[in-house]
Every structure is written in C-alpha cells, then in structure tokens.
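Asks: Structure supplied as data.txt; contents: compact mmCIF, C-alpha atoms.
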# COMPACT_ATOMS: atom_id res chain seq x y z
CA GLY K 1 -32.16 -49.08 46.32
CA GLU K 2 -33.07 -47.62 49.71
CA GLY K 3 -29.79 -45.69 49.81
CA LYS K 4 -30.39 -44.18 46.41
CA GLY K 5 -33.91 -43.10 47.47
CA LYS K 6 -32.58 -41.37 50.57
CA ALA K 7 -29.89 -39.65 48.51
CA ALA K 8 -32.46 -38.39 45.98
CA ALA K 9 -34.71 -37.10 48.78
CA ALA K 10 -31.79 -35.34 50.41
CA ALA K 11 -30.80 -33.74 47.10
CA ALA K 12 -34.38 -32.53 46.49
CA TRP K 13 -34.54 -31.07 49.99
CA GLU K 14 -31.24 -29.27 49.50
CA LYS K 15 -32.44 -27.93 46.16
CA GLU K 16 -35.69 -26.65 47.70
CA GLU K 17 -33.81 -25.08 50.60
CA ALA K 18 -31.40 -23.42 48.16
CA LEU K 19 -34.33 -22.04 46.17
CA GLU K 20 -35.88 -20.58 49.32
CA ILE K 21 -32.56 -18.88 50.11
CA TYR K 22 -32.39 -17.60 46.50
CA VAL K 23 -35.89 -16.15 46.77
CA GLY K 24 -35.27 -14.60 50.18
CA LEU K 25 -31.87 -13.11 49.51
CA PHE K 26 -32.16 -12.19 45.85
CA GLU K 27 -35.46 -12.63 43.99
CA THR K 28 -37.73 -10.50 46.18
CA GLU K 29 -35.37 -7.53 46.13
CA PHE K 30 -34.62 -8.03 42.42
CA LEU K 31 -38.31 -7.91 41.50
CA ALA K 32 -38.90 -4.83 43.65
CA ARG K 33 -35.98 -2.95 42.11
CA THR K 34 -37.01 -3.94 38.60
CA ALA K 35 -40.54 -2.67 39.26
CA SER K 36 -39.14 0.62 40.54
CA PHE K 37 -36.88 0.90 37.49
CA CYS K 38 -39.82 0.28 35.12
CA LYS K 39 -42.00 2.75 37.00
CA THR K 40 -39.36 5.45 36.50
CA LYS K 41 -38.92 4.48 32.84
CA SER K 42 -42.66 4.65 32.19
CA ARG K 43 -42.81 8.18 33.65
CA VAL K 44 -39.90 9.32 31.50
CA TYR K 45 -41.41 7.75 28.36
CA GLN K 46 -44.82 9.29 29.04
CA SER K 47 -43.36 12.74 29.55
CA CYS K 48 -41.48 12.84 26.25
CA CYS K 49 -43.23 10.40 23.89
CA THR K 50 -46.42 10.10 21.94
CA VAL K 51 -48.50 7.03 22.71
CA PRO K 52 -47.22 5.12 19.65
CA GLU K 53 -43.62 5.97 20.62
CA TYR K 54 -44.34 4.93 24.20
CA MET K 55 -45.64 1.56 23.05
CA GLU K 56 -42.60 0.95 20.86
CA LYS K 57 -40.21 1.75 23.70
CA VAL K 58 -42.17 -0.35 26.17
CA ASN K 59 -42.31 -3.31 23.83
CA TYR K 60 -38.55 -3.11 23.28
CA LEU K 61 -37.86 -2.74 27.01
CA ILE K 62 -40.01 -5.75 27.91
CA ASP K 63 -38.33 -7.95 25.32
CA GLN K 64 -34.87 -6.78 26.43
CA GLU K 65 -35.49 -7.34 30.13
CA ILE K 66 -37.01 -10.78 29.65
CA ALA K 67 -34.20 -11.88 27.29
CA GLN K 68 -31.58 -10.88 29.87
CA ALA K 69 -33.52 -12.49 32.70
CA LYS K 70 -33.61 -15.83 30.90
CA LEU K 71 -29.82 -15.77 30.82
CA TYR K 72 -29.09 -14.76 34.40
CA VAL K 73 -31.93 -15.68 36.78
CA HIS K 74 -33.75 -18.84 37.82
CA GLY K 75 -36.49 -20.02 35.47
CA ASP K 76 -39.17 -19.55 38.14
CA THR K 77 -38.29 -15.86 38.37
CA VAL K 78 -38.93 -15.06 34.71
CA PRO K 79 -42.79 -15.11 34.76
CA LYS K 80 -42.77 -13.13 38.02
CA LEU K 81 -40.43 -10.60 36.45
CA MET K 82 -42.60 -10.33 33.34
CA ASP K 83 -45.67 -9.70 35.46
CA SER K 84 -43.86 -7.03 37.48
CA ILE K 85 -42.58 -5.23 34.37
CA GLU K 86 -45.89 -5.31 32.49
CA ALA K 87 -47.83 -4.15 35.55
CA GLU K 88 -45.76 -0.95 35.70
CA LEU K 89 -45.41 -0.30 31.97
CA ILE K 90 -48.92 -1.27 30.82
CA ASP K 91 -51.42 -1.60 33.67
CA ALA K 92 -50.32 1.52 35.55
CA ARG K 93 -50.34 3.58 32.34
CA TRP K 94 -53.63 2.33 30.92
CA SER K 95 -55.44 5.69 31.19
CA TYR K 96 -52.58 7.25 29.20
CA LEU K 97 -52.79 4.52 26.53
CA GLU K 98 -56.60 4.49 26.41
CA GLN K 99 -56.91 8.14 25.38
CA GLU K 100 -55.27 7.35 22.06
CA ILE K 101 -57.33 4.29 21.08
CA ARG K 102 -60.22 6.19 19.44
CA PRO K 103 -57.91 8.42 17.35
CA MET K 104 -55.99 5.33 16.26
CA LEU K 105 -59.25 3.64 15.24
CA ARG K 106 -60.51 6.72 13.39
CA GLN K 107 -57.23 7.19 11.56
CA GLU K 108 -56.84 3.44 11.06
CA LYS K 109 -53.32 3.34 12.48
CA SER K 110 -52.92 -0.36 11.85
CA GLU K 111 -49.34 -0.75 13.10
CA ASN K 112 -50.08 1.13 16.32
CA LEU K 113 -53.25 -0.84 17.00
CA LEU K 114 -51.42 -4.09 16.37
CA LEU K 115 -48.64 -3.10 18.79
CA LEU K 116 -51.18 -2.13 21.46
CA TYR K 117 -53.03 -5.40 20.98
CA LYS K 118 -49.82 -7.41 21.35
CA LEU K 119 -48.92 -5.55 24.55
CA LEU K 120 -52.36 -6.18 26.05
CA GLU K 121 -52.41 -9.77 24.84
CA LYS K 122 -49.35 -10.46 26.98
CA ARG K 123 -51.32 -9.30 30.02
CA GLU K 124 -54.39 -11.24 28.87
CA LYS K 125 -52.48 -14.50 29.17
CA LYS K 126 -51.86 -13.72 32.84
CA PHE K 127 -55.56 -13.05 33.34
CA SER K 128 -56.54 -16.28 31.54
CA GLU K 129 -54.16 -18.27 33.73
CA GLY K 130 -55.68 -16.74 36.87
CA LEU K 131 -52.47 -15.06 37.95
CA GLY K 132 -53.88 -12.29 40.07
CA LEU K 133 -55.27 -9.81 37.54
CA SER K 134 -58.70 -8.52 38.58
CA ALA K 135 -59.90 -7.65 35.07
CA SER K 136 -59.22 -8.73 31.51
CA PRO K 137 -56.59 -6.35 30.06
CA LEU K 138 -58.26 -6.66 26.64
CA SER K 139 -61.76 -5.91 27.95
CA ASN K 140 -61.25 -2.13 27.79
CA LEU K 141 -59.89 -2.28 24.23
CA LEU K 142 -62.81 -4.51 23.21
CA ALA K 143 -65.28 -2.08 24.76
CA VAL K 144 -63.76 0.93 22.97
CA PHE K 145 -63.70 -0.93 19.64
CA SER K 146 -67.34 -2.04 20.00
CA GLU K 147 -68.45 1.49 20.93
CA PHE K 148 -66.50 2.90 17.98
CA VAL K 149 -68.21 0.58 15.47
CA ARG K 150 -71.63 1.18 17.05
CA ASN K 151 -71.14 4.95 16.62
CA GLU K 152 -70.08 4.45 13.00
CA GLY K 153 -73.26 2.48 12.30
CA THR K 154 -75.43 5.05 14.05
CA GLN K 155 -73.86 7.82 11.96
CA LEU K 156 -74.63 5.90 8.76
CA ILE K 157 -78.28 5.66 9.80
CA ASP K 158 -78.45 9.34 10.81
CA ARG K 159 -77.02 10.48 7.47
CA PHE K 160 -79.44 8.24 5.60
CA LEU K 161 -82.43 9.59 7.53
CA VAL K 162 -81.34 13.14 6.72
CA SER K 163 -81.15 12.22 3.02
CA LEU K 164 -84.77 10.98 3.13
CA LYS K 165 -85.95 14.46 4.15
CA ASP K 166 -89.74 14.20 4.62
CA LYS K 167 -90.21 10.65 3.37
CA THR K 168 -91.66 8.18 5.87
CA GLN K 169 -90.84 5.14 3.75
CA PRO K 170 -87.66 4.87 1.66
CA MET K 171 -87.75 3.37 -1.82
CA VAL K 172 -86.09 -0.02 -2.11
CA ASN K 173 -83.21 1.31 -4.19
CA GLU K 174 -82.64 3.97 -1.52
CA SER K 175 -82.70 1.33 1.21
CA MET K 176 -80.10 -0.64 -0.74
CA THR K 177 -77.70 2.27 -0.29
CA LEU K 178 -78.02 1.96 3.48
CA ILE K 179 -77.74 -1.84 3.48
CA GLU K 180 -74.67 -1.65 1.25
CA SER K 181 -73.08 0.84 3.65
CA PHE K 182 -73.61 -1.67 6.47
CA VAL K 183 -71.96 -4.42 4.43
CA ALA K 184 -69.02 -2.14 3.61
CA LEU K 185 -68.63 -1.17 7.28
CA ARG K 186 -68.70 -4.80 8.41
CA GLN K 187 -66.12 -5.83 5.81
CA LYS K 188 -63.90 -2.88 6.68
CA ARG K 189 -63.91 -3.65 10.41
CA ARG K 190 -63.43 -7.38 9.84
CA ALA K 191 -60.31 -6.49 7.82
CA MET K 192 -59.15 -4.34 10.75
CA ILE K 193 -59.66 -7.24 13.15
CA GLU K 194 -57.66 -9.52 10.89
CA GLN K 195 -54.81 -7.05 10.49
CA CYS K 196 -54.69 -5.29 13.86
CA PHE K 197 -56.13 -7.82 16.32
CA LEU K 198 -54.80 -11.04 14.76
CA SER K 199 -58.29 -12.37 13.92
CA SER K 200 -59.20 -12.54 17.60
CA ALA K 201 -62.57 -14.26 18.15
CA SER K 202 -63.30 -11.76 20.95
CA PHE K 203 -63.09 -8.86 18.50
CA TYR K 204 -65.33 -10.58 15.94
CA LYS K 205 -67.88 -11.01 18.73
CA ALA K 206 -67.46 -7.35 19.72
CA LEU K 207 -68.13 -6.40 16.09
CA ASP K 208 -71.32 -8.46 16.02
CA ASP K 209 -72.45 -6.97 19.34
CA ALA K 210 -71.85 -3.47 17.96
CA PHE K 211 -73.99 -4.17 14.90
CA LYS K 212 -76.79 -5.52 17.07
CA GLY K 213 -76.58 -2.27 19.03
CA PHE K 214 -77.50 -0.01 16.09
CA PHE K 215 -79.04 -2.29 13.46
CA ASN K 216 -82.51 -2.75 14.97
CA CYS K 217 -84.13 0.61 14.40
CA LEU K 218 -86.92 2.20 12.40
CA ILE K 219 -86.00 3.76 9.06
CA GLY K 220 -88.82 6.21 8.65
CA SER K 221 -91.79 4.04 9.56
CA LYS K 222 -90.18 0.79 8.38
CA PRO K 223 -88.48 -1.69 10.74
CA MET K 224 -85.09 -2.98 9.64
CA ALA K 225 -86.46 -6.54 9.28
CA ASP K 226 -88.85 -5.37 6.56
CA ILE K 227 -86.17 -3.31 4.82
CA LEU K 228 -83.66 -6.17 4.77
CA ALA K 229 -86.23 -8.59 3.29
CA ARG K 230 -87.13 -6.10 0.55
CA CYS K 231 -83.48 -5.40 -0.25
CA LEU K 232 -82.86 -9.12 -0.69
CA ASP K 233 -85.91 -9.24 -2.96
CA TYR K 234 -84.38 -6.37 -4.95
CA LEU K 235 -81.06 -8.21 -5.26
CA LEU K 236 -82.69 -11.50 -6.23
CA SER K 237 -84.67 -9.70 -8.94
CA SER K 238 -81.56 -7.87 -10.23
CA VAL K 239 -78.91 -10.47 -11.08
CA ASN K 240 -76.58 -7.80 -12.49
CA HIS K 241 -76.40 -5.79 -9.26
CA VAL K 242 -72.79 -5.39 -8.06
CA LEU K 243 -71.68 -4.16 -4.65
CA THR K 244 -68.34 -2.37 -4.32
CA THR K 245 -66.50 -2.22 -0.98
CA ALA K 246 -63.06 -1.10 0.16
CA SER K 247 -61.72 -4.58 -0.66
CA GLY K 248 -63.14 -4.52 -4.20
CA SER K 249 -66.28 -5.49 -6.07
CA LEU K 250 -68.35 -8.43 -4.87
CA SER K 251 -69.91 -10.96 -7.21
CA HIS K 252 -73.69 -11.28 -7.16
CA ASP K 253 -73.53 -14.40 -4.97
CA GLU K 254 -71.03 -12.75 -2.60
CA CYS K 255 -73.29 -9.73 -2.40
CA LEU K 256 -76.25 -11.96 -1.51
CA GLU K 257 -74.22 -13.74 1.20
CA GLU K 258 -73.00 -10.50 2.77
CA VAL K 259 -76.45 -8.90 2.82
CA THR K 260 -78.07 -12.08 4.13
CA TYR K 261 -75.56 -12.23 6.98
CA LEU K 262 -77.08 -9.01 8.34
CA PHE K 263 -80.11 -11.17 9.20
CA THR K 264 -78.17 -12.43 12.24
CA TYR K 265 -78.40 -8.96 13.79
CA LEU K 266 -82.18 -8.75 13.56
CA GLU K 267 -84.26 -8.96 16.71
CA ASP K 268 -87.57 -9.40 14.88
CA LYS K 269 -86.69 -12.41 12.75
CA ASP K 270 -90.38 -13.41 12.54
CA LEU K 271 -91.24 -10.18 10.70
CA PHE K 272 -88.37 -10.80 8.31
CA HIS K 273 -89.63 -14.35 7.71
CA GLU K 274 -93.16 -13.14 7.02
CA THR K 275 -92.10 -10.36 4.63
CA TYR K 276 -89.50 -12.49 2.87
CA GLY K 277 -92.03 -15.32 2.41
CA VAL K 278 -94.55 -13.00 0.73
CA LEU K 279 -91.89 -11.56 -1.58
CA LEU K 280 -90.54 -15.02 -2.41
CA SER K 281 -94.01 -16.20 -3.42
CA GLU K 282 -94.38 -13.15 -5.68
CA ARG K 283 -91.04 -13.89 -7.34
CA LEU K 284 -91.93 -17.53 -7.85
CA LEU K 285 -95.41 -16.86 -9.23
CA GLY K 286 -94.12 -14.05 -11.40
CA LYS K 287 -91.40 -16.35 -12.76
CA ARG K 288 -88.78 -13.67 -12.10
CA PHE K 289 -86.56 -15.65 -9.79
CA ASP K 290 -82.96 -16.77 -10.03
CA SER K 291 -82.85 -20.32 -8.71
CA ALA K 292 -79.12 -20.22 -7.90
CA GLY K 293 -79.47 -16.92 -6.05
CA GLU K 294 -82.50 -18.15 -4.12
CA HIS K 295 -80.53 -21.16 -2.94
CA VAL K 296 -77.60 -18.95 -1.86
CA VAL K 297 -79.90 -16.89 0.38
CA LEU K 298 -81.80 -19.88 1.78
CA SER K 299 -78.55 -21.72 2.55
CA LYS K 300 -77.26 -18.70 4.48
CA LEU K 301 -80.58 -18.28 6.31
CA LYS K 302 -80.48 -21.97 7.22
CA VAL K 303 -77.05 -21.54 8.78
CA GLU K 304 -78.04 -18.44 10.72
CA GLY K 305 -81.69 -19.23 11.52
CA GLY K 306 -81.78 -23.01 11.58
CA PRO K 307 -83.51 -25.62 9.36
CA VAL K 308 -86.98 -24.96 10.81
CA PHE K 309 -86.75 -21.27 9.93
CA VAL K 310 -86.33 -21.97 6.21
CA SER K 311 -88.33 -25.20 5.87
CA ASN K 312 -91.47 -23.66 4.34
CA LEU K 313 -89.42 -21.18 2.26
CA SER K 314 -87.36 -24.04 0.85
CA GLY K 315 -90.55 -25.99 0.27
CA MET K 316 -92.02 -23.16 -1.82
CA LEU K 317 -88.91 -22.98 -3.99
CA GLN K 318 -88.75 -26.76 -4.34
CA ASP K 319 -92.41 -27.00 -5.36
CA VAL K 320 -92.01 -24.42 -8.13
CA THR K 321 -88.73 -25.97 -9.29
CA ILE K 322 -90.34 -29.40 -9.55
CA ALA K 323 -93.39 -27.95 -11.31
CA ASN K 324 -91.19 -26.17 -13.86
CA GLU K 325 -89.15 -29.32 -14.49
CA THR K 326 -92.34 -31.35 -14.95
CA ASN K 327 -93.76 -28.80 -17.38
CA ASN K 328 -90.53 -28.70 -19.38
CA ASN K 329 -90.34 -32.49 -19.54
CA PHE K 330 -93.96 -32.65 -20.67
CA ARG K 331 -93.42 -30.03 -23.40
CA GLN K 332 -90.46 -32.06 -24.69
CA TRP K 333 -92.52 -35.25 -24.65
CA LEU K 334 -95.37 -33.86 -26.77
CA PRO K 335 -93.54 -33.42 -30.14
CA LYS K 336 -91.91 -36.83 -29.81
CA HIS K 337 -95.35 -38.44 -29.64
CA SER K 338 -96.94 -36.25 -32.33
CA THR K 339 -99.29 -34.83 -29.77
CA THR K 340 -100.48 -31.26 -29.43
CA LEU K 341 -102.59 -29.84 -26.66
CA PRO K 342 -104.21 -26.43 -26.36
CA ILE K 343 -101.72 -25.26 -23.80
CA PRO K 344 -100.94 -21.53 -24.04
CA GLY K 345 -97.38 -20.31 -24.13
As structure tokens, what does this structure read like?
Replies:
Amino acid sequence: GEGKGKAAAAAAWEKEEALEIYVGLFETEFLARTASFCKTKSRVYQSCCTVPEYMEKVNYLIDQEIAQAKLYVHGDTVPKLMDSIEAELIDARWSYLEQEIRPMLRQEKSENLLLLYKLLEKREKKFSEGLGLSASPLSNLLAVFSEFVRNEGTQLIDRFLVSLKDKTQPMVNESMTLIESFVALRQKRRAMIEQCFLSSASFYKALDDAFKGFFNCLIGSKPMADILARCLDYLLSSVNHVLTTASGSLSHDECLEEVTYLFTYLEDKDLFHETYGVLLSERLLGKRFDSAGEHVVLSKLKVEGGPVFVSNLSGMLQDVTIANETNNNFRQWLPKHSTTLPIPG
C-alpha cells in the first residue's frame, strides 16, 4: 500500500512538472500569438465591415478557434484562450460596437441585437466568475437599452402634452390614450427582451427602471398617480373597452392587469390609494361596478402593493357584495312566504 502511494505521488509530481513545462514552453507564447492574431483580425474586420457583419465574423472566429483548441491543446488552456480572444475581438472594440446599439434598437434589428447579446454574454460569464474583468460587459448594453426606453416614454408624454394644447387637466378618455401607449410600449419592449436578450432578468429590471424614470410626472396639473386611478375607474366602468397592442387585442381582464401593473412605477402610491378609494366607493354606491373586474385589479394591487395596501379597498368591495347577496336572498324569500314589504325597487 505504501509503495502504491509513493508511486501515485511521484506520478502526480511528474504530471505537474510536465504541465509547468508545457505552460512555460508553449502556452504563454501560444496565447500571446493568438491575441496578436485576433487583434489584427479585429482591425481588418472593422475597416471593411458594418457592425452586424463584424459581429457575425467575430462570432464565427471565436467558435472556430475554440473548437480547434479543444482538439489540440490542454484543457486548462481553453478558458485562457477564450478570454484572450474575446478581450481582443469584443472588449477592445466596444466603442466601435456601442455606436450601433441605438440604431439597432430604433430599427428593431432583432437578429443583430441577439448576436450582440450572445457575444457580451460570453464575457459576462467571465465577470460573474471573477476572472479579472473590471466591469460587467453587459452593463453598457443594459444602460443603453434603459436610456432608449426612457427616451421613448418621455417622447410619448411630450407628444401627449402637445396634443392637450392649453388644457391643464386632460379628460379621462384622453388620459386613457396616454396610459394605453405606456402599456403598448412596455409590451413591445418586453417582447424585445424575450427575443433579443433571451428573457434576461437584468433587462426586465432595466425596463422597469426606465419606466420609473419617466412615469412619475405631471400631466398638465395632474400627477400620474391620480391619472392612473381615474383610468382604472374608466376601465372598470366600461366593460367593453378593448386595448390593442402590437401583439394583438387584449381582453378586458388582460387590459386591467396591464394597466394596473403600471402602479408599480408610481412614487406616490398613497395618492393613488386615496383617489382609487374614492372612485371605488362611487362605483359601489352607484351600483355600476363589475365584481370580476374589481377583483382582477385588487388582486394585482395586492401582489404589487402588499395585503395591507388593499385591505380597506377589499373590505369595501366585500361589504357591498355581502349586502347585495343578502338583499337578493331576502327578495327571493319574500314571495315564498307570501310576504310583501314596502321596499322600493
């Protein structure tokens, strides 16, 4: 047993010594020459290619080099080689790639955005593993995407304000146009994230941050919290209202869910609660409420605002629902017992 242990230790030592020789005599020079080769390639590609063409060539070159490396070099060399190649082809050319991101977003070049994301995602794994990268390779793309969406939202608001002309307070049906444009924008960019950024959680967060950046503003003299509450009141009083987006028409319940989700972007949630509570009481007392729709909104508000936020709102709806059920049961009971009471209606 002791002899076998010594033999195993000797073999391990010889293997380690051989690896050191391999690194010293081959790997270091191999990595340096590959980096130089990729640096030259990147310059040639940049000089004669558009950014989309550059990305296609780079993606092919990376895959080709790594596939060959797996066949001919030690396994420990492959991740080092990948890092060296990507540093020259992606990191060193980021300013060249970055200039094309906004045009790709504006023109919705899905295939190009997806290819760029995949290239940067490869570098992101290095960053996540703490392998020497000083900044997240995806952080710049996230920042550009967030800024792009924030500008889109701001432009929607600016165009709406121009359409109001001299009005200080928009009508509810006018406000619905703006709210619907927000819903359409959010759905459109969520579809882009799914298609171009592989449903990355970081991009969904960037989208939410962008909305928070433009959503909380005054529309005329009205804060967005007040407008959103009144638009929900409009929807809940109009069960036939349909919202059409790029992905198609939404059902009434889907429309309620999408509009209610905008609540998450509000800073002044207390004002929304106050306004929504007053409008809810008016709907309930006026007997012009859709119980199913009310529950859809309250369920969504509960998810986004918490149980305490909706407790009194839910209580109001529950009280009226119980009162209506009691009245209906009582009206059904009267004829069965040959009893009439001077109850109007």
Asks: Please determine an axis-aligned box that encloses all atoms of segment 60-64 of chain K listed in the file, with 5 Å added on each side, and express its centre and edge lengths in Å to one decimal as JSON.
Replies:
{"center_x": -37.4, "center_y": -5.3, "center_z": 25.6, "size_x": 15.1, "size_y": 15.2, "size_z": 14.6}
Asks: One number please: atom CA of Ile62 of chain K to atom CA of Ser146 of chain K, in Å, one decimal.
Replies: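 So the two atoms, atom CA of Ile62 of chain K and atom CA of Ser146 of chain K, lie 28.7 Å apart.
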Asks: When you draw a straight line from atom CA of Thr275 of chain K to atom CA of Leu207 of chain K, how long is it in Å?
Replies: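 Separating atom CA of Thr275 of chain K from atom CA of Leu207 of chain K is a distance of 26.9 Å.
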Asks: Which residues, written as a PDB file with C-alpha atoms, in the coordinates of the input, have at least one atom at most 9 Å from segment 307-316 of chain K, with all atoms listed in the file counted and residues fewer than 3 positions away on the same chain left out?
Replies:
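Saved result, around07.pdb, follows:
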ATOM      1  CA  HIS K 273     -89.630 -14.350   7.710  1.00  0.00           C
ATOM      2  CA  TYR K 276     -89.500 -12.490   2.870  1.00  0.00           C
ATOM      3  CA  GLY K 277     -92.030 -15.320   2.410  1.00  0.00           C
ATOM      4  CA  LEU K 280     -90.540 -15.020  -2.410  1.00  0.00           C
ATOM      5  CA  SER K 281     -94.010 -16.200  -3.420  1.00  0.00           C
ATOM      6  CA  LEU K 284     -91.930 -17.530  -7.850  1.00  0.00           C
ATOM      7  CA  HIS K 295     -80.530 -21.160  -2.940  1.00  0.00           C
ATOM      8  CA  LEU K 298     -81.800 -19.880   1.780  1.00  0.00           C
ATOM      9  CA  SER K 299     -78.550 -21.720   2.550  1.00  0.00           C
ATOM     10  CA  LEU K 301     -80.580 -18.280   6.310  1.00  0.00           C
ATOM     11  CA  LYS K 302     -80.480 -21.970   7.220  1.00  0.00           C
ATOM     12  CA  VAL K 303     -77.050 -21.540   8.780  1.00  0.00           C
ATOM     13  CA  ASP K 319     -92.410 -27.000  -5.360  1.00  0.00           C
ATOM     14  CA  VAL K 320     -92.010 -24.420  -8.130  1.00  0.00           C
ATOM     15  CA  THR K 321     -88.730 -25.970  -9.290  1.00  0.00           C
TER      16      THR K 321
END
Asks: Which distance in Å separates atom CA of Gln155 of chain K and atom CA of Phe215 of chain K, to one decimal?
Replies: 11.5 Å
Asks: From the set K:Gln195, K:Thr168, K:Asn151, K:Asn216, which residue has the shortest atom-to-atom contact distance to Glu111 of chain K, counting only C-alpha atoms?
Replies: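 Looking at the shortest contact to Glu111 of chain K, the residue is K:Gln195.
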Asks: Please list as a count of residues only every residue within 12 Å of Phe272 of chain K, counting all atoms listed in the file and excluding residues in the same chain fewer than 4 positions away.
Replies: 30
Asks: Under the rule that all atoms listed in the file are counted, which of K:Val73, K:Ile21, K:Glu65, K:Ser175 is the nearest residue to Leu218 of chain K?
Replies: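 Nearest candidate to Leu218 of chain K out of K:Val73, K:Ile21, K:Glu65, K:Ser175: K:Ser175.
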Asks: With all heavy atoms as the goal, would you fill in the gaps in segment 54-63 of chain K and present it as a compact mmCIF listing (two decimals), in the frame of the given file?
Replies:
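What landed in part-v8.txt:
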# COMPACT_ATOMS: atom_id res chain seq x y z
N TYR K 54 -44.37 5.58 22.89
CA TYR K 54 -44.34 4.93 24.20
C TYR K 54 -44.47 3.42 24.05
O TYR K 54 -43.73 2.65 24.66
CB TYR K 54 -45.47 5.48 25.08
CG TYR K 54 -45.57 4.83 26.44
CD1 TYR K 54 -44.85 5.33 27.52
CD2 TYR K 54 -46.36 3.69 26.65
CE1 TYR K 54 -44.92 4.72 28.78
CE2 TYR K 54 -46.44 3.08 27.89
CZ TYR K 54 -45.72 3.60 28.96
OH TYR K 54 -45.79 3.00 30.19
N MET K 55 -45.42 2.99 23.22
CA MET K 55 -45.64 1.56 23.05
C MET K 55 -44.43 0.87 22.44
O MET K 55 -44.07 -0.24 22.83
CB MET K 55 -46.89 1.33 22.19
CG MET K 55 -48.19 1.71 22.86
SD MET K 55 -49.67 1.16 21.97
CE MET K 55 -49.49 2.03 20.41
N GLU K 56 -43.79 1.53 21.48
CA GLU K 56 -42.60 0.95 20.86
C GLU K 56 -41.48 0.78 21.88
O GLU K 56 -40.81 -0.26 21.94
CB GLU K 56 -42.14 1.83 19.70
CG GLU K 56 -43.04 1.78 18.48
CD GLU K 56 -42.55 2.67 17.36
OE1 GLU K 56 -41.43 3.22 17.50
OE2 GLU K 56 -43.28 2.80 16.36
N LYS K 57 -41.27 1.82 22.69
CA LYS K 57 -40.21 1.75 23.70
C LYS K 57 -40.52 0.69 24.76
O LYS K 57 -39.62 -0.05 25.19
CB LYS K 57 -40.03 3.13 24.36
CG LYS K 57 -39.41 4.18 23.44
CD LYS K 57 -39.23 5.49 24.16
CE LYS K 57 -38.57 6.53 23.26
NZ LYS K 57 -37.17 6.16 22.90
N VAL K 58 -41.77 0.63 25.16
CA VAL K 58 -42.17 -0.35 26.17
C VAL K 58 -42.02 -1.77 25.65
O VAL K 58 -41.51 -2.66 26.35
CB VAL K 58 -43.63 -0.09 26.61
CG1 VAL K 58 -44.22 -1.31 27.31
CG2 VAL K 58 -43.68 1.12 27.54
N ASN K 59 -42.43 -1.98 24.42
CA ASN K 59 -42.31 -3.31 23.83
C ASN K 59 -40.85 -3.75 23.75
O ASN K 59 -40.50 -4.89 24.07
CB ASN K 59 -42.94 -3.31 22.43
CG ASN K 59 -43.11 -4.70 21.87
OD1 ASN K 59 -43.74 -5.56 22.47
ND2 ASN K 59 -42.55 -4.93 20.69
N TYR K 60 -39.98 -2.80 23.35
CA TYR K 60 -38.55 -3.11 23.28
C TYR K 60 -37.98 -3.38 24.67
O TYR K 60 -37.21 -4.34 24.87
CB TYR K 60 -37.81 -1.93 22.64
CG TYR K 60 -36.31 -2.11 22.62
CD1 TYR K 60 -35.71 -2.94 21.68
CD2 TYR K 60 -35.50 -1.45 23.55
CE1 TYR K 60 -34.33 -3.11 21.66
CE2 TYR K 60 -34.12 -1.61 23.54
CZ TYR K 60 -33.54 -2.45 22.59
OH TYR K 60 -32.18 -2.62 22.59
N LEU K 61 -38.36 -2.57 25.65
CA LEU K 61 -37.86 -2.74 27.01
C LEU K 61 -38.28 -4.08 27.61
O LEU K 61 -37.47 -4.77 28.24
CB LEU K 61 -38.36 -1.60 27.90
CG LEU K 61 -37.90 -1.62 29.37
CD1 LEU K 61 -36.38 -1.58 29.46
CD2 LEU K 61 -38.53 -0.47 30.14
N ILE K 62 -39.53 -4.46 27.40
CA ILE K 62 -40.01 -5.75 27.91
C ILE K 62 -39.22 -6.89 27.31
O ILE K 62 -38.74 -7.78 28.01
CB ILE K 62 -41.52 -5.92 27.62
CG1 ILE K 62 -42.35 -4.94 28.45
CG2 ILE K 62 -41.97 -7.36 27.90
CD1 ILE K 62 -43.82 -4.94 28.10
N ASP K 63 -39.07 -6.87 25.99
CA ASP K 63 -38.33 -7.95 25.32
C ASP K 63 -36.88 -8.01 25.80
O ASP K 63 -36.32 -9.09 26.01
CB ASP K 63 -38.36 -7.74 23.80
CG ASP K 63 -39.74 -7.98 23.21
OD1 ASP K 63 -40.58 -8.60 23.90
OD2 ASP K 63 -39.97 -7.55 22.05
